[in-house]
Amino acid sequence: MMENLSMFGMMEDAQAQMEVSQSGNLDVVKMKFSGVETMSWQDLFSGFDTLYAITYSSGIDFVYRLLDLFVEAEIIFGCDEVISYSLQEVMAYQCKMVERIRETASKTKLNLVSRIDQGTLRLYVAHSVLSHEKIYLLSAADGRKRVIMGSANLSYAAFGGRQRENICYMDDEDAYNWYWECYCQLRDESTDQIAKESLLFADDGENLEKLPIAKTVQIKKALVLQPLEEAREEVRFALDVKNLTAKLAPSVPKPDKKGKLLLSPEKIKTIRRQVAVNKTKEKELQSEYPELEVFPDESVARLNGTDLDLHPEQEEVAKDVQLFLSYMAGYEKFHGDVVGMQRRYFEFANWFFCSPFMACMRDMAVRYNQNLLPYPVFGLVYGQSKAGKTSFLETLLKMMIGQKPKLSAPDFTRSGIEKLKHTVKGAPIIVDDLTNSRFNQHAIETIKNDDFGVAEGLLHYPAVVISANEDVKAVAPEVIRRTVICRVQAGLTNTEVMRSSVVRTVQREIGTAFYREYLRRMMTIVADLLEEIKDDASESAPDILAASSQVLLDIFSECAGSDLPAYVRPLTLEDYFSEKVTGRYVMETIRNAWQTSRSSFEISERANELRYNAGATWEADRILKELPETLEPHKSRDWIVINLEEAREFFDIPFKKSWIDRIRKR
């Protein structure tokens, strides 16, 4: 198997080992060429008792076969895929590496735990950058020493003669001692040991305390991780390659059943033509769904590749503000909760306007192990019909980019929307008039898996806004905490809709001056927020929604004076995601029922329970979805059962038995 394996030894002035010292100088091992040998990997490694190895991408099967040759072994695993060594990268790598070691050992019936227990095997994984050369240190009981180094990782591909490798060895004690010091330094400063507990517990995210890095922290009480700032260029390059690979994939023919792909000049031409067709389709999409890119560090915003003028005339800004206020004043003619409707719409507009910044905020949050939930990229506007939902969203988009594209509901699928998000940049994608069945079928899974763009490091992907009518009865908790929700309970009659001309007038006359002014002011603020995310000492996530609302308030005050409508107000994350906000509709339901139908309630002071008969199982299900966990809610047929004391505080109702109830009990 190994007849063609070339061995290079003692090459004078060849680079075999280079370590960067703190001064920036290199430690270069000087070697001398003495010949080439042809041998198998067994010949290369056999005849020794102890192995110390550093390897990157490795074939675990090969590693296990190699272990059989040694009485004692110690292996450090690195990973080329870990580029910046952020905490999330290290944890993900260690989790998958341990899982791979465990599963392969099980298949090969190798008892790793037994060898670890006996002290004849020690395995380590990196938590910071290792040297990229591969080192294998071999020693025997009779004092013989061997150093193997070069480009080969511990895999069949490398040591099985399947690919060209630069493999060198030295049977030299001085060389062994020098490399041994390098090895020990790397092991002690850059790795975590895999304990037997890590191999005994499958890790699905619930046993992260069993990871090697967690064990190191438990022993040392503290561990400092320093992500590689200089790795950003490499990270960006790697992500660019992955993104381009994904774009080229639809144009490339599939391999045959054996996995082989025969390329010919004709196939290359076919691929080129298909790439051109796909680019044309992408341009068509881009013309319909524009690219809005924001660069806070540079204070630059681009629309379709052209820099926007972020210093608009004050008169134009004031005109846009007055048109927006006139548009919002039009809701005063609606029937229902008009005040609540204006407040909800302003809250939604605030998020809508700052949504192009969410991608870069989420990217920075991931890099510094912060929560993504404060930076939502989904919005839902739903409620009764004729509430002006569609025209409201169109108006907001017109203010941002000067046009109002939207996606029809039948075209909405999870795969379709993710493909569109790769094409559209910045400006929100509006999905209009989604039905309840389609919302449950496609939207919920799309929203729950809201990590789009995170792995790729994308900085300009759009938010997705869904409008739906009242047949969307309830929103599940896992959707609520990831989505800015605007539920409206006001509307017009058919004839009033026909007569209204406010929408047409505003959409015809309103421009983008206000939004360009907004972008200019937000740029500096967002740049500061991005720096704040990096601060480990910060006790809370930077509130971009609060910053945005203050910018809106400042612009509106300058353009329309201090006598602004009550709905124009400072906002915080609490106005979007506090339990009393997300549970607003269920609060109204319970309060109204308590006022009009006390017989629907049963109160048990002894059991500390409040029971409410919703009247139907589906209604009980809807209410249960929107109740906060602090109420300890559960359902029994049509009845909702919640903690009485918590309910009194949450609903702000005393929930006391009336004297009539007491008489009935007697």
# chains A, B, ... in the order shown; residues from 1 in each chain; ligands from 1
$ residues_around --residues "Val581 in chain A" --least-positions-apart "6" --cutoff "12 Å" --atoms "only C-alpha atoms" --output "list in words"
Gly340, Arg344, Glu347, Ile480, Arg481, Val484, Ile485, Cys486, Arg487, Thr572, Leu573, Glu574, Asp575, Met587, Glu588, Glu626, Leu627, Pro628, Phe650 and Phe651 of chain A
$ residues_around --residues "Ser190 in chain A" --least-positions-apart "3" --cutoff "6 Å" --atoms "only C-alpha atoms" --output "PyMOL selection string"
chain A and resi 126-128+186-187
$ closest_residue --among "A:Ala387, A:Val377, A:Gln489, A:Glu37" --to "Val464 in chain A" --atoms "only C-alpha atoms"
A:Val377
$ residues_around --residues "Ala140 in chain A" --least-positions-apart "5" --cutoff "8 Å" --atoms "only C-alpha atoms" --output "ChimeraX atom specification"
/A:47-50,145
$ select_by_dssp --residues "range 552-664 of chain A" --states "strand (DSSP E or B)" --output "number ranges by chain"
A: 601-604, 609-613, 634-636, 639-643
$ write_last_selection --atoms "N, CA and C atoms" --output "CSV table (one decimal), in the first residue's frame"
chain,number,residue,atom,x,y,z
A,601,PHE,N,-65.4,31.3,35.7
A,601,PHE,CA,-64.2,31.2,36.5
A,601,PHE,C,-64.5,30.4,37.7
A,602,GLU,N,-63.5,29.6,38.2
A,602,GLU,CA,-63.5,28.9,39.4
A,602,GLU,C,-62.3,29.3,40.2
A,603,ILE,N,-62.4,29.6,41.5
A,603,ILE,CA,-61.3,30.1,42.3
A,603,ILE,C,-61.1,29.1,43.4
A,604,SER,N,-59.8,28.6,43.6
A,604,SER,CA,-59.5,27.8,44.7
A,604,SER,C,-58.3,28.4,45.5
A,609,GLU,N,-55.3,28.1,42.8
A,609,GLU,CA,-55.6,27.9,41.3
A,609,GLU,C,-56.7,28.8,40.9
A,610,LEU,N,-56.6,29.3,39.7
A,610,LEU,CA,-57.6,30.0,39.0
A,610,LEU,C,-58.0,29.2,37.7
A,611,ARG,N,-59.2,28.8,37.6
A,611,ARG,CA,-59.6,28.0,36.4
A,611,ARG,C,-60.6,28.9,35.6
A,612,TYR,N,-60.4,28.8,34.3
A,612,TYR,CA,-61.2,29.6,33.3
A,612,TYR,C,-61.7,28.7,32.2
A,613,ASN,N,-63.0,28.7,32.0
A,613,ASN,CA,-63.6,27.9,31.0
A,613,ASN,C,-63.7,28.7,29.7
A,634,HIS,N,-51.7,25.4,32.4
A,634,HIS,CA,-52.0,24.1,31.7
A,634,HIS,C,-53.5,24.0,31.4
A,635,LYS,N,-53.8,23.0,30.6
A,635,LYS,CA,-55.2,22.9,30.0
A,635,LYS,C,-55.8,21.6,30.4
A,636,SER,N,-57.1,21.6,30.7
A,636,SER,CA,-57.9,20.4,30.9
A,636,SER,C,-59.2,20.6,30.1
A,639,TRP,N,-60.9,24.0,29.9
A,639,TRP,CA,-60.5,24.8,31.0
A,639,TRP,C,-59.0,25.1,31.0
A,640,ILE,N,-58.7,26.4,31.3
A,640,ILE,CA,-57.3,26.8,31.5
A,640,ILE,C,-57.1,26.9,33.0
A,641,VAL,N,-56.0,26.3,33.5
A,641,VAL,CA,-55.7,26.3,34.9
A,641,VAL,C,-54.4,27.1,35.1
A,642,ILE,N,-54.4,28.1,36.0
A,642,ILE,CA,-53.2,28.9,36.2
A,642,ILE,C,-53.0,29.2,37.7
A,643,ASN,N,-51.8,29.6,38.1
A,643,ASN,CA,-51.5,30.0,39.4
A,643,ASN,C,-52.3,31.2,39.9
$ atom_distance --atom1 "CA of Phe70 in chain A" --atom2 "CA of Met31 in chain A"
27.5 Å
$ residues_around --residues "range 615-625 of chain A" --least-positions-apart "4" --cutoff "9 Å" --atoms "only C-alpha atoms" --output "list in words"
Lys473, Ala474, Val475, Ala476, Pro477, Tyr585, Val586, Thr589, Ser600, Pro633, His634, Lys635, Ser636, Arg637, Asp638, Trp639 and Ile640 of chain A
$ write_last_selection --atoms "C-alpha atoms" --output "PDB file, in the first residue's frame"
ATOM      1  CA  LYS A 473     -55.765  33.094  15.970  1.00  0.00           C
ATOM      2  CA  ALA A 474     -52.701  32.787  18.168  1.00  0.00           C
ATOM      3  CA  VAL A 475     -48.948  32.968  18.037  1.00  0.00           C
ATOM      4  CA  ALA A 476     -46.842  30.308  19.755  1.00  0.00           C
ATOM      5  CA  PRO A 477     -44.294  31.370  22.433  1.00  0.00           C
ATOM      6  CA  TYR A 585     -54.562  39.971  23.777  1.00  0.00           C
ATOM      7  CA  VAL A 586     -55.026  37.223  26.350  1.00  0.00           C
ATOM      8  CA  THR A 589     -59.754  38.283  26.896  1.00  0.00           C
ATOM      9  CA  SER A 600     -66.693  31.018  33.603  1.00  0.00           C
ATOM     10  CA  PRO A 633     -50.568  27.443  32.786  1.00  0.00           C
ATOM     11  CA  HIS A 634     -51.974  24.098  31.690  1.00  0.00           C
ATOM     12  CA  LYS A 635     -55.171  22.931  30.042  1.00  0.00           C
ATOM     13  CA  SER A 636     -57.888  20.442  30.889  1.00  0.00           C
ATOM     14  CA  ARG A 637     -60.307  20.148  27.958  1.00  0.00           C
ATOM     15  CA  ASP A 638     -61.965  23.597  27.707  1.00  0.00           C
ATOM     16  CA  TRP A 639     -60.479  24.791  31.005  1.00  0.00           C
ATOM     17  CA  ILE A 640     -57.328  26.838  31.490  1.00  0.00           C
TER      18      ILE A 640
END
$ closest_residue --among "A:Met361, A:Ile653, A:Ala546, A:Ile510" --to "Glu532 in chain A" --atoms "only C-alpha atoms"
A:Met361
$ atom_distance --atom1 "CA of Asp535 in chain A" --atom2 "CA of Gln550 in chain A"
22.8 Å
$ residues_around --residues "Val98 in chain A" --least-positions-apart "3" --cutoff "8 Å" --atoms "only C-alpha atoms" --output "CSV table (one decimal) with N, CA and C atoms, in the first residue's frame"
chain,number,residue,atom,x,y,z
A,94,GLN,N,-15.4,21.3,19.7
A,94,GLN,CA,-15.2,20.2,20.7
A,94,GLN,C,-16.3,19.3,20.8
A,95,CYS,N,-17.5,19.8,20.8
A,95,CYS,CA,-18.7,19.0,20.9
A,95,CYS,C,-18.7,18.0,19.7
A,101,ILE,N,-15.3,11.1,17.9
A,101,ILE,CA,-14.4,10.1,18.6
A,101,ILE,C,-15.2,9.0,19.2
A,102,ARG,N,-16.3,9.4,19.9
A,102,ARG,CA,-17.2,8.4,20.6
A,102,ARG,C,-17.8,7.4,19.6
A,194,ILE,N,-9.8,15.5,27.0
A,194,ILE,CA,-11.0,14.8,26.9
A,194,ILE,C,-11.1,13.8,28.0
A,198,SER,N,-16.8,12.8,29.1
A,198,SER,CA,-17.1,13.4,27.8
A,198,SER,C,-17.5,12.3,26.8
A,199,LEU,N,-16.9,11.2,26.9
A,199,LEU,CA,-17.2,10.1,26.0
A,199,LEU,C,-18.4,9.3,26.4
$ atom_distance --atom1 "CA of Asn153 in chain A" --atom2 "CA of Val29 in chain A"
20.2 Å
$ closest_residue --among "A:Val338, A:Ile116, A:Ala647, A:Leu397" --to "Lys580 in chain A" --atoms "only C-alpha atoms"
A:Ala647
$ decode --residues "range 148-204 of chain A" --atoms "C-alpha atoms" --output "PDB file, in the first residue's frame"
ATOM      1  CA  ILE A 148       8.019  12.718  12.260  1.00  0.00           C
ATOM      2  CA  MET A 149       6.880  16.034  10.833  1.00  0.00           C
ATOM      3  CA  GLY A 150       5.602  17.594   7.615  1.00  0.00           C
ATOM      4  CA  SER A 151       2.221  18.179   6.002  1.00  0.00           C
ATOM      5  CA  ALA A 152       0.554  14.822   6.720  1.00  0.00           C
ATOM      6  CA  ASN A 153      -2.356  14.606   9.158  1.00  0.00           C
ATOM      7  CA  LEU A 154      -3.244  11.324  10.845  1.00  0.00           C
ATOM      8  CA  SER A 155      -5.401   9.890   8.057  1.00  0.00           C
ATOM      9  CA  TYR A 156      -5.340   7.133   5.450  1.00  0.00           C
ATOM     10  CA  ALA A 157      -5.377   9.779   2.728  1.00  0.00           C
ATOM     11  CA  ALA A 158      -2.136  11.265   4.074  1.00  0.00           C
ATOM     12  CA  PHE A 159      -0.255   8.130   5.132  1.00  0.00           C
ATOM     13  CA  GLY A 160      -1.806   5.703   2.647  1.00  0.00           C
ATOM     14  CA  GLY A 161      -0.126   7.123  -0.450  1.00  0.00           C
ATOM     15  CA  ARG A 162      -3.407   8.534  -1.820  1.00  0.00           C
ATOM     16  CA  GLN A 163      -2.225  12.135  -1.970  1.00  0.00           C
ATOM     17  CA  ARG A 164       1.141  13.884  -2.141  1.00  0.00           C
ATOM     18  CA  GLU A 165       2.536  14.829   1.263  1.00  0.00           C
ATOM     19  CA  ASN A 166       5.794  16.232   2.557  1.00  0.00           C
ATOM     20  CA  ILE A 167       6.804  13.675   5.226  1.00  0.00           C
ATOM     21  CA  CYS A 168      10.139  13.840   7.048  1.00  0.00           C
ATOM     22  CA  TYR A 169      11.612  12.018  10.027  1.00  0.00           C
ATOM     23  CA  MET A 170      14.639  12.329  12.273  1.00  0.00           C
ATOM     24  CA  ASP A 171      15.998   9.628  14.587  1.00  0.00           C
ATOM     25  CA  ASP A 172      17.739  12.179  16.767  1.00  0.00           C
ATOM     26  CA  GLU A 173      17.465  12.764  20.516  1.00  0.00           C
ATOM     27  CA  ASP A 174      18.310  16.486  20.354  1.00  0.00           C
ATOM     28  CA  ALA A 175      15.561  17.002  17.749  1.00  0.00           C
ATOM     29  CA  TYR A 176      13.126  15.002  19.898  1.00  0.00           C
ATOM     30  CA  ASN A 177      13.904  17.113  22.977  1.00  0.00           C
ATOM     31  CA  TRP A 178      13.432  20.398  21.077  1.00  0.00           C
ATOM     32  CA  TYR A 179      10.106  19.323  19.561  1.00  0.00           C
ATOM     33  CA  TRP A 180       9.041  17.866  22.915  1.00  0.00           C
ATOM     34  CA  GLU A 181       9.322  21.339  24.512  1.00  0.00           C
ATOM     35  CA  CYS A 182       7.212  22.788  21.680  1.00  0.00           C
ATOM     36  CA  TYR A 183       4.653  20.049  22.127  1.00  0.00           C
ATOM     37  CA  CYS A 184       4.364  20.533  25.897  1.00  0.00           C
ATOM     38  CA  GLN A 185       3.930  24.284  25.528  1.00  0.00           C
ATOM     39  CA  LEU A 186       1.108  23.850  23.038  1.00  0.00           C
ATOM     40  CA  ARG A 187      -0.584  21.171  25.125  1.00  0.00           C
ATOM     41  CA  ASP A 188      -0.449  23.204  28.339  1.00  0.00           C
ATOM     42  CA  GLU A 189      -1.457  26.568  26.880  1.00  0.00           C
ATOM     43  CA  SER A 190      -3.847  25.749  24.038  1.00  0.00           C
ATOM     44  CA  THR A 191      -5.749  22.528  24.756  1.00  0.00           C
ATOM     45  CA  ASP A 192      -8.330  20.823  26.965  1.00  0.00           C
ATOM     46  CA  GLN A 193      -8.185  17.164  27.916  1.00  0.00           C
ATOM     47  CA  ILE A 194     -11.037  14.849  26.924  1.00  0.00           C
ATOM     48  CA  ALA A 195     -12.145  13.124  30.129  1.00  0.00           C
ATOM     49  CA  LYS A 196     -13.929   9.790  30.090  1.00  0.00           C
ATOM     50  CA  GLU A 197     -17.171  11.553  31.117  1.00  0.00           C
ATOM     51  CA  SER A 198     -17.136  13.410  27.802  1.00  0.00           C
ATOM     52  CA  LEU A 199     -17.156  10.094  25.958  1.00  0.00           C
ATOM     53  CA  LEU A 200     -19.904   8.570  28.098  1.00  0.00           C
ATOM     54  CA  PHE A 201     -22.536  11.275  27.549  1.00  0.00           C
ATOM     55  CA  ALA A 202     -24.003  12.097  24.142  1.00  0.00           C
ATOM     56  CA  ASP A 203     -24.122  15.875  23.809  1.00  0.00           C
ATOM     57  CA  ASP A 204     -27.238  17.377  22.254  1.00  0.00           C
TER      58      ASP A 204
END
